[in-house]
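Notes to accompany the following structure.
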Amino acid sequence: MIAKVLRALVSVALFAGGMALGCAAIGLVLPVPNVPQVKEKIDWFRAHRGEYTALFLGTSRVRRHIIPSLFDRLAAERGMEMRSFNLGVDTLMAPEDGYVLDLALAARPPKLRYVFIELSFFRANFLGQAPDTIRAAYWHDCERTRTVWCHLIDNDLRNIKPLRKRKENRWSTWLADIGEWTSLVTEHGRLFLERGTNFGRVAVLWPAVAGLRSPSHPLAPLGPGLDGFIPSPADTVVRGDAVAAYEQEISKLKSGGPRERPLDPVPEANLERMCERIRRHGAEPILLIAPSQSGYTSRPRREVAPVLDFSDPQQWPELFDVRYRADAGHLNTAGAEIFTRALAGKFYALLPLGNSGR
C-alpha cells in the first residue's frame, strides 16, 4: 500500500515538474507580452540595443518629462557622447519597474553606461489597475511575486490593528481587514500562476510557425522622436479653477517642504537588487526624484546610488510654476525642457573631473 502511495506521489511530482519545465520553456520563446507602452518600447530598445548609452526608467513623470534628444545635445556640448532612451511608462512603480529593467538588460546593450531610476512608491495593491489585465499579470515572475508577498507580510499585515486595540465592532472590522489582506495575497498568487503557465499566450507563436508576418506595432508610444518621450501639446497649461487649487497646493509645499517617506525594508532590498544588476552589466544606477505637487518623496534609508532630487519647489521654482504644467501632476513641453536641462546639469555635476568626455 505504501509503495503504491509513493509511486503515485512520484508520478504527481514528475508530472508537475514536467509541466513547470514545459511552461518555462514556452516562456523563453514567447515575445514580450502585448502590454501597452511596455512592449513597443522594449521591442524598440532591443532592436537598437547597440545604440544607447543611457536609459531613463520610471512613471509618466519620466515618460512626459525627460527629452532624450535634448539631454544628448547638452551632453555633446560638454564633449560627452550620449544616446539616451526614455523607458518611462504610465504608473510604472515597484516592483514592476524591476521587471521592465530586466527585460531591457536582457538585450545586453553593449554601450549602456547609465540607468536613471525614478524613485516611486511600492505598489502591492491594485489601485488604479484592474487585476484581470495582462498589465497586472505579465511581471509576476518568481522574484517579483515573492517580493510583493514579503512586503504584504512585513508591512501590510503588521499594520493591521490587533483585536485588543479596536473599540467598536472589533471582530467584524478585524475580519474585514484580514479578508482584504488575504484577498491581495491570493490575487498575486493567481497572477503568478497565470503568468507561469503562459495560459492563452502560445497562440502568439502561430504566425511565426505558419510563416505569417506579424503585424508591425504602432510607434506612437515611442513619441515623435522615436526616443520614448511623449510631449504634451505645446499650449497645454493648467487653466481655470485648477490654477488656484494647484497654487494653493504648492504654497503649502513651499512652507512645509517635501515630506520624506523612507523606503520600507522589502522595497529597499528590491531597489538594491536593481542597482546591483545594473552594475553587473557595467553601467551605473542613478536615482531620480521627479517634481511632484504631492509633496511626498520616497528615499532609501541606505546609500544605494546617487540621488538627483527635484522635489523642493523652493530650490526648483520653475518646475512647479503653473505656466509649465500640463496638469497638476505633469509638466508641459516647455516644462519638460526646463526639467531635462536641470537633470542634465545635476548629472554632469556627479561625474568625476575629466570623465565628461568618456
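Labeling convention for the C-alpha cells: chains A, B, ... as they appear, residues from 1 per chain, ligands from 1 in order of appearance.
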Original post:
If we count only C-alpha atoms, what is near Arg302 (chain A) at a cut-off of 12 Å, once residues fewer than 6 positions away on the same chain are taken out, given as a list in words?
Top reply: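 Here the answer would be Pro262, Leu263, Asp264, Pro265, Glu268, Ala269, Leu271 and Glu272 of chain A.
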Please, could you write that set of residues out with all heavy atoms as an mmCIF file, in the first residue's frame?
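Result written to out-v1.cif:
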```cif
data_model
loop_
_atom_site.group_PDB
_atom_site.id
_atom_site.type_symbol
_atom_site.label_atom_id
_atom_site.label_comp_id
_atom_site.auth_asym_id
_atom_site.auth_seq_id
_atom_site.Cartn_x
_atom_site.Cartn_y
_atom_site.Cartn_z
ATOM 1 N N PRO A 262 10.753 57.198 4.118
ATOM 2 C CA PRO A 262 11.823 56.226 3.867
ATOM 3 C C PRO A 262 11.242 54.915 3.336
ATOM 4 O O PRO A 262 10.148 54.492 3.727
ATOM 5 C CB PRO A 262 12.469 56.040 5.242
ATOM 6 C CG PRO A 262 12.077 57.255 6.026
ATOM 7 C CD PRO A 262 10.720 57.645 5.517
ATOM 8 N N LEU A 263 11.954 54.307 2.421
ATOM 9 C CA LEU A 263 11.510 53.024 1.889
ATOM 10 C C LEU A 263 11.451 51.978 2.996
ATOM 11 O O LEU A 263 12.322 51.941 3.874
ATOM 12 C CB LEU A 263 12.454 52.547 0.792
ATOM 13 C CG LEU A 263 12.401 53.272 -0.553
ATOM 14 C CD1 LEU A 263 13.501 52.737 -1.474
ATOM 15 C CD2 LEU A 263 11.045 53.121 -1.207
ATOM 16 N N ASP A 264 10.452 51.134 2.957
ATOM 17 C CA ASP A 264 10.388 50.000 3.877
ATOM 18 C C ASP A 264 11.467 48.990 3.491
ATOM 19 O O ASP A 264 11.999 49.029 2.368
ATOM 20 C CB ASP A 264 8.999 49.359 3.820
ATOM 21 C CG ASP A 264 7.925 50.272 4.402
ATOM 22 O OD1 ASP A 264 8.208 50.911 5.425
ATOM 23 O OD2 ASP A 264 6.821 50.343 3.819
ATOM 24 N N PRO A 265 11.805 48.070 4.390
ATOM 25 C CA PRO A 265 12.918 47.143 4.123
ATOM 26 C C PRO A 265 12.782 46.340 2.830
ATOM 27 O O PRO A 265 13.754 46.188 2.090
ATOM 28 C CB PRO A 265 12.906 46.233 5.353
ATOM 29 C CG PRO A 265 12.336 47.081 6.449
ATOM 30 C CD PRO A 265 11.312 47.946 5.785
ATOM 31 N N GLU A 268 13.258 48.528 -0.280
ATOM 32 C CA GLU A 268 14.655 48.958 -0.366
ATOM 33 C C GLU A 268 15.546 47.819 -0.850
ATOM 34 O O GLU A 268 16.445 48.032 -1.673
ATOM 35 C CB GLU A 268 15.143 49.455 0.993
ATOM 36 C CG GLU A 268 16.577 49.922 0.958
ATOM 37 C CD GLU A 268 16.874 51.017 1.953
ATOM 38 O OE1 GLU A 268 15.940 51.740 2.349
ATOM 39 O OE2 GLU A 268 18.044 51.172 2.323
ATOM 40 N N ALA A 269 15.297 46.605 -0.355
ATOM 41 C CA ALA A 269 16.075 45.454 -0.840
ATOM 42 C C ALA A 269 15.829 45.229 -2.324
ATOM 43 O O ALA A 269 16.747 44.872 -3.080
ATOM 44 C CB ALA A 269 15.706 44.212 -0.039
ATOM 45 N N LEU A 271 15.123 47.586 -4.535
ATOM 46 C CA LEU A 271 15.874 48.632 -5.234
ATOM 47 C C LEU A 271 17.362 48.295 -5.277
ATOM 48 O O LEU A 271 18.027 48.503 -6.300
ATOM 49 C CB LEU A 271 15.651 49.974 -4.540
ATOM 50 C CG LEU A 271 16.399 51.179 -5.119
ATOM 51 C CD1 LEU A 271 15.954 51.461 -6.556
ATOM 52 C CD2 LEU A 271 16.181 52.410 -4.240
ATOM 53 N N GLU A 272 17.888 47.758 -4.196
ATOM 54 C CA GLU A 272 19.304 47.382 -4.156
ATOM 55 C C GLU A 272 19.611 46.296 -5.189
ATOM 56 O O GLU A 272 20.665 46.318 -5.832
ATOM 57 C CB GLU A 272 19.680 46.911 -2.755
ATOM 58 C CG GLU A 272 19.737 48.050 -1.741
ATOM 59 C CD GLU A 272 20.010 47.559 -0.336
ATOM 60 O OE1 GLU A 272 19.856 46.340 -0.085
ATOM 61 O OE2 GLU A 272 20.389 48.382 0.519
#
```
Original post:
Could you pull out the alpha helix (DSSP H) residues of region 107-330 of chain A from DSSP and send them as a PyMOL selection string?
Top reply: chain A and resi 134-137+142-151+170-197+206-209+241-256+265-280
Export C-alpha atoms of the chosen residues as a PDB file, in the first residue's frame?
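Output file selection-v1.pdb follows:
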```pdb
ATOM      1  CA  ILE A 134      -2.275  41.448 -18.898  1.00  0.00           C
ATOM      2  CA  ARG A 135      -0.569  44.547 -17.433  1.00  0.00           C
ATOM      3  CA  ALA A 136      -1.221  43.220 -13.934  1.00  0.00           C
ATOM      4  CA  ALA A 137      -0.055  39.680 -14.736  1.00  0.00           C
ATOM      5  CA  CYS A 142       9.010  34.271  -9.016  1.00  0.00           C
ATOM      6  CA  GLU A 143      11.149  37.177  -7.836  1.00  0.00           C
ATOM      7  CA  ARG A 144       8.528  39.899  -8.115  1.00  0.00           C
ATOM      8  CA  THR A 145       5.727  37.761  -6.633  1.00  0.00           C
ATOM      9  CA  ARG A 146       7.932  36.789  -3.705  1.00  0.00           C
ATOM     10  CA  THR A 147       8.831  40.459  -3.199  1.00  0.00           C
ATOM     11  CA  VAL A 148       5.175  41.500  -3.121  1.00  0.00           C
ATOM     12  CA  TRP A 149       4.270  38.705  -0.702  1.00  0.00           C
ATOM     13  CA  CYS A 150       7.174  39.634   1.587  1.00  0.00           C
ATOM     14  CA  HIS A 151       6.042  43.262   1.572  1.00  0.00           C
ATOM     15  CA  ARG A 170     -13.789  44.505  16.891  1.00  0.00           C
ATOM     16  CA  TRP A 171     -14.280  41.125  15.283  1.00  0.00           C
ATOM     17  CA  SER A 172     -16.104  42.333  12.183  1.00  0.00           C
ATOM     18  CA  THR A 173     -13.583  45.080  11.396  1.00  0.00           C
ATOM     19  CA  TRP A 174     -10.603  42.809  12.132  1.00  0.00           C
ATOM     20  CA  LEU A 175     -12.002  40.049   9.920  1.00  0.00           C
ATOM     21  CA  ALA A 176     -12.677  42.569   7.150  1.00  0.00           C
ATOM     22  CA  ASP A 177      -9.055  43.778   7.267  1.00  0.00           C
ATOM     23  CA  ILE A 178      -7.702  40.226   7.342  1.00  0.00           C
ATOM     24  CA  GLY A 179     -10.007  39.298   4.466  1.00  0.00           C
ATOM     25  CA  GLU A 180      -8.780  42.208   2.372  1.00  0.00           C
ATOM     26  CA  TRP A 181      -5.144  41.259   3.067  1.00  0.00           C
ATOM     27  CA  THR A 182      -5.790  37.602   2.239  1.00  0.00           C
ATOM     28  CA  SER A 183      -7.509  38.612  -0.988  1.00  0.00           C
ATOM     29  CA  LEU A 184      -4.407  40.576  -2.067  1.00  0.00           C
ATOM     30  CA  VAL A 185      -2.083  37.659  -1.293  1.00  0.00           C
ATOM     31  CA  THR A 186      -4.354  35.262  -3.192  1.00  0.00           C
ATOM     32  CA  GLU A 187      -4.693  37.603  -6.184  1.00  0.00           C
ATOM     33  CA  HIS A 188      -0.941  37.937  -6.575  1.00  0.00           C
ATOM     34  CA  GLY A 189      -0.645  34.151  -6.362  1.00  0.00           C
ATOM     35  CA  ARG A 190      -3.254  33.751  -9.084  1.00  0.00           C
ATOM     36  CA  LEU A 191      -1.394  36.171 -11.333  1.00  0.00           C
ATOM     37  CA  PHE A 192       1.855  34.288 -10.714  1.00  0.00           C
ATOM     38  CA  LEU A 193       0.219  31.021 -11.821  1.00  0.00           C
ATOM     39  CA  GLU A 194      -1.410  32.692 -14.833  1.00  0.00           C
ATOM     40  CA  ARG A 195       1.909  34.106 -15.955  1.00  0.00           C
ATOM     41  CA  GLY A 196       3.870  30.943 -15.155  1.00  0.00           C
ATOM     42  CA  THR A 197       1.588  28.704 -17.196  1.00  0.00           C
ATOM     43  CA  TRP A 206       1.210  30.774 -34.552  1.00  0.00           C
ATOM     44  CA  PRO A 207       2.101  33.497 -37.088  1.00  0.00           C
ATOM     45  CA  ALA A 208       5.801  32.572 -36.848  1.00  0.00           C
ATOM     46  CA  VAL A 209       5.100  28.827 -37.061  1.00  0.00           C
ATOM     47  CA  ASP A 241     -10.278  76.933 -11.272  1.00  0.00           C
ATOM     48  CA  ALA A 242      -7.488  74.344 -11.345  1.00  0.00           C
ATOM     49  CA  VAL A 243      -4.915  77.166 -11.226  1.00  0.00           C
ATOM     50  CA  ALA A 244      -5.972  78.385  -7.774  1.00  0.00           C
ATOM     51  CA  ALA A 245      -6.171  74.842  -6.411  1.00  0.00           C
ATOM     52  CA  TYR A 246      -2.731  73.978  -7.759  1.00  0.00           C
ATOM     53  CA  GLU A 247      -1.089  77.151  -6.470  1.00  0.00           C
ATOM     54  CA  GLN A 248      -2.604  76.532  -3.043  1.00  0.00           C
ATOM     55  CA  GLU A 249      -1.019  73.068  -3.001  1.00  0.00           C
ATOM     56  CA  ILE A 250       2.367  74.454  -3.998  1.00  0.00           C
ATOM     57  CA  SER A 251       2.133  77.210  -1.398  1.00  0.00           C
ATOM     58  CA  LYS A 252       1.651  74.566   1.315  1.00  0.00           C
ATOM     59  CA  LEU A 253       4.532  72.559  -0.114  1.00  0.00           C
ATOM     60  CA  LYS A 254       6.817  75.607  -0.072  1.00  0.00           C
ATOM     61  CA  SER A 255       6.014  76.393   3.551  1.00  0.00           C
ATOM     62  CA  GLY A 256       6.298  72.827   4.823  1.00  0.00           C
ATOM     63  CA  PRO A 265      12.918  47.143   4.123  1.00  0.00           C
ATOM     64  CA  VAL A 266      11.430  44.988   1.334  1.00  0.00           C
ATOM     65  CA  PRO A 267      11.153  47.785  -1.285  1.00  0.00           C
ATOM     66  CA  GLU A 268      14.655  48.958  -0.366  1.00  0.00           C
ATOM     67  CA  ALA A 269      16.075  45.454  -0.840  1.00  0.00           C
ATOM     68  CA  ASN A 270      14.261  45.324  -4.191  1.00  0.00           C
ATOM     69  CA  LEU A 271      15.874  48.632  -5.234  1.00  0.00           C
ATOM     70  CA  GLU A 272      19.304  47.382  -4.156  1.00  0.00           C
ATOM     71  CA  ARG A 273      18.895  44.305  -6.360  1.00  0.00           C
ATOM     72  CA  MET A 274      18.006  46.518  -9.320  1.00  0.00           C
ATOM     73  CA  CYS A 275      21.099  48.676  -8.773  1.00  0.00           C
ATOM     74  CA  GLU A 276      23.323  45.623  -8.399  1.00  0.00           C
ATOM     75  CA  ARG A 277      22.092  44.198 -11.704  1.00  0.00           C
ATOM     76  CA  ILE A 278      22.804  47.489 -13.433  1.00  0.00           C
ATOM     77  CA  ARG A 279      26.353  47.472 -12.048  1.00  0.00           C
ATOM     78  CA  ARG A 280      26.895  43.853 -13.078  1.00  0.00           C
TER      79      ARG A 280
END
```
Original post:
When distances are computed from only C-alpha atoms, which of A:Asn86, A:Thr236, A:Thr333, A:Thr53 shows the smallest separation from Tyr114 (chain A)?
Top reply: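 That would be A:Thr53, the residue with the smallest distance to Tyr114 (chain A).
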**OP:** Write out as a ChimeraX atom specification the residues lying within 8 Å of region 344-352 of chain A, counting only C-alpha atoms and excluding same-chain residues fewer than 5 positions away.
**Re:** /A:71,74-75,308
Take the residues from that selection and write them out as a PDB file, in the first residue's frame, keeping N, CA and C atoms.
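Saved to again15.pdb:
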```pdb
ATOM      1  N   PHE A  71      18.708  66.017 -23.861  1.00  0.00           N
ATOM      2  CA  PHE A  71      19.724  65.521 -22.926  1.00  0.00           C
ATOM      3  C   PHE A  71      21.005  65.156 -23.676  1.00  0.00           C
ATOM      4  N   LEU A  74      22.838  68.335 -24.950  1.00  0.00           N
ATOM      5  CA  LEU A  74      23.557  69.010 -23.871  1.00  0.00           C
ATOM      6  C   LEU A  74      24.837  68.255 -23.525  1.00  0.00           C
ATOM      7  N   ALA A  75      24.775  66.922 -23.620  1.00  0.00           N
ATOM      8  CA  ALA A  75      25.982  66.122 -23.378  1.00  0.00           C
ATOM      9  C   ALA A  75      27.032  66.399 -24.444  1.00  0.00           C
ATOM     10  N   LEU A 308      19.277  62.264  -7.483  1.00  0.00           N
ATOM     11  CA  LEU A 308      19.021  63.588  -8.049  1.00  0.00           C
ATOM     12  C   LEU A 308      17.610  63.986  -7.656  1.00  0.00           C
TER      13      LEU A 308
END
```
Ser69 (chain A): which residues within 8 Å, counting only C-alpha atoms, same-chain residues fewer than 3 positions away excluded, as a compact mmCIF listing (two decimals) with N, CA and C atoms, in the first residue's frame?
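Just written: result09.txt:
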```txt
# COMPACT_ATOMS: atom_id res chain seq x y z
N ASP A 72 20.86 64.50 -24.82
CA ASP A 72 22.02 64.10 -25.61
C ASP A 72 22.74 65.31 -26.20
N ARG A 73 21.96 66.30 -26.63
CA ARG A 73 22.58 67.50 -27.22
C ARG A 73 23.37 68.27 -26.16
N ARG A 83 23.70 58.76 -26.09
CA ARG A 83 22.47 58.43 -26.81
C ARG A 83 21.55 57.79 -25.78
N SER A 84 20.47 58.48 -25.43
CA SER A 84 19.61 58.02 -24.35
C SER A 84 18.23 57.62 -24.86
N GLY A 225 10.05 61.60 -31.70
CA GLY A 225 11.48 61.42 -31.92
C GLY A 225 11.93 59.98 -31.85
N ASP A 227 12.22 58.19 -29.36
CA ASP A 227 13.14 58.04 -28.23
C ASP A 227 12.40 57.81 -26.92
```
Pull the closest atom pair for each residue of region 276-343 of chain A that gets at most 9 Å from region 58-62 of chain A, along with the distance in Å to one decimal, counting only C-alpha atoms, ordering rows by chain and then ascending residue number, as CSV.
```
residue,atom,partner,partner_atom,distance
A:Leu288,CA,A:Gly58,CA,8.9
A:Ala290,CA,A:Arg61,CA,6.5
A:Pro291,CA,A:Arg61,CA,8.1
A:Ser292,CA,A:Arg61,CA,8.5
A:Gly329,CA,A:Arg61,CA,8.0
A:His330,CA,A:Arg61,CA,6.4
A:Leu331,CA,A:Arg61,CA,8.0
```
Subject >> Separation of CA of Pro300 (chain A) from CA of Val115 (chain A) in Å >> reply: 17.0 Å
Original post:
Looking at A:Gly257, A:Pro110, A:Pro36, A:Pro285, which one is nearest to Phe56 (chain A), with distances taken over only C-alpha atoms?
Top reply: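 Checking each candidate against Phe56 (chain A), we get A:Pro285 as the closest.
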Original post:
Restricting the calculation to only C-alpha atoms, which member of A:Glu337, A:Asp327, A:Glu118, A:Glu81 is positioned closest to Val307 (chain A)?
Top reply: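 So, comparing all the options, the nearest one is A:Glu118.
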Original post:
Can you list every residue in region 102-171 of chain A that DSSP puts in strand (DSSP E or B), as a list in words?
Top reply: Tyr114, Val115, Phe116, Ile117, Glu118 and Phe122 of chain A
Given the selection you just returned, output its residues as a file containing N, CA and C atoms, formatted as a CSV table (one decimal), in the first residue's frame.
```csv
chain,number,residue,atom,x,y,z
A,114,TYR,N,24.7,54.3,-18.1
A,114,TYR,CA,23.9,54.9,-17.0
A,114,TYR,C,22.4,54.5,-17.1
A,115,VAL,N,21.9,54.2,-16.0
A,115,VAL,CA,20.4,53.9,-15.9
A,115,VAL,C,19.8,54.8,-14.8
A,116,PHE,N,18.9,55.7,-15.2
A,116,PHE,CA,18.3,56.5,-14.2
A,116,PHE,C,17.0,55.9,-13.8
A,117,ILE,N,16.8,55.7,-12.5
A,117,ILE,CA,15.6,55.1,-12.0
A,117,ILE,C,14.8,56.1,-11.2
A,118,GLU,N,13.5,56.3,-11.5
A,118,GLU,CA,12.7,57.2,-10.8
A,118,GLU,C,12.3,56.5,-9.5
A,122,PHE,N,6.1,51.8,-3.7
A,122,PHE,CA,6.0,50.4,-3.9
A,122,PHE,C,4.5,50.1,-3.9
```
Subject >> Spatial neighbours of region 99-106 of chain A, max dist 9 Å, only C-alpha atoms, sep filter under 3 positions, as a count of residues only >> reply: 21
Original post:
Counting only C-alpha atoms, which of A:Arg64, A:Met93, A:Ala220, A:Gly295 gets nearest to Leu119 (chain A)?
Top reply: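 Looking only at the distances to Leu119 (chain A), the closest residue turns out to be A:Met93.
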Original post:
Could you work out how far CA of Ala334 (chain A) lies from CA of Glu40 (chain A), giving the answer in Å with one decimal?
Top reply: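 Spanning CA of Glu40 (chain A) to CA of Ala334 (chain A) is a straight-line distance of 25.7 Å.
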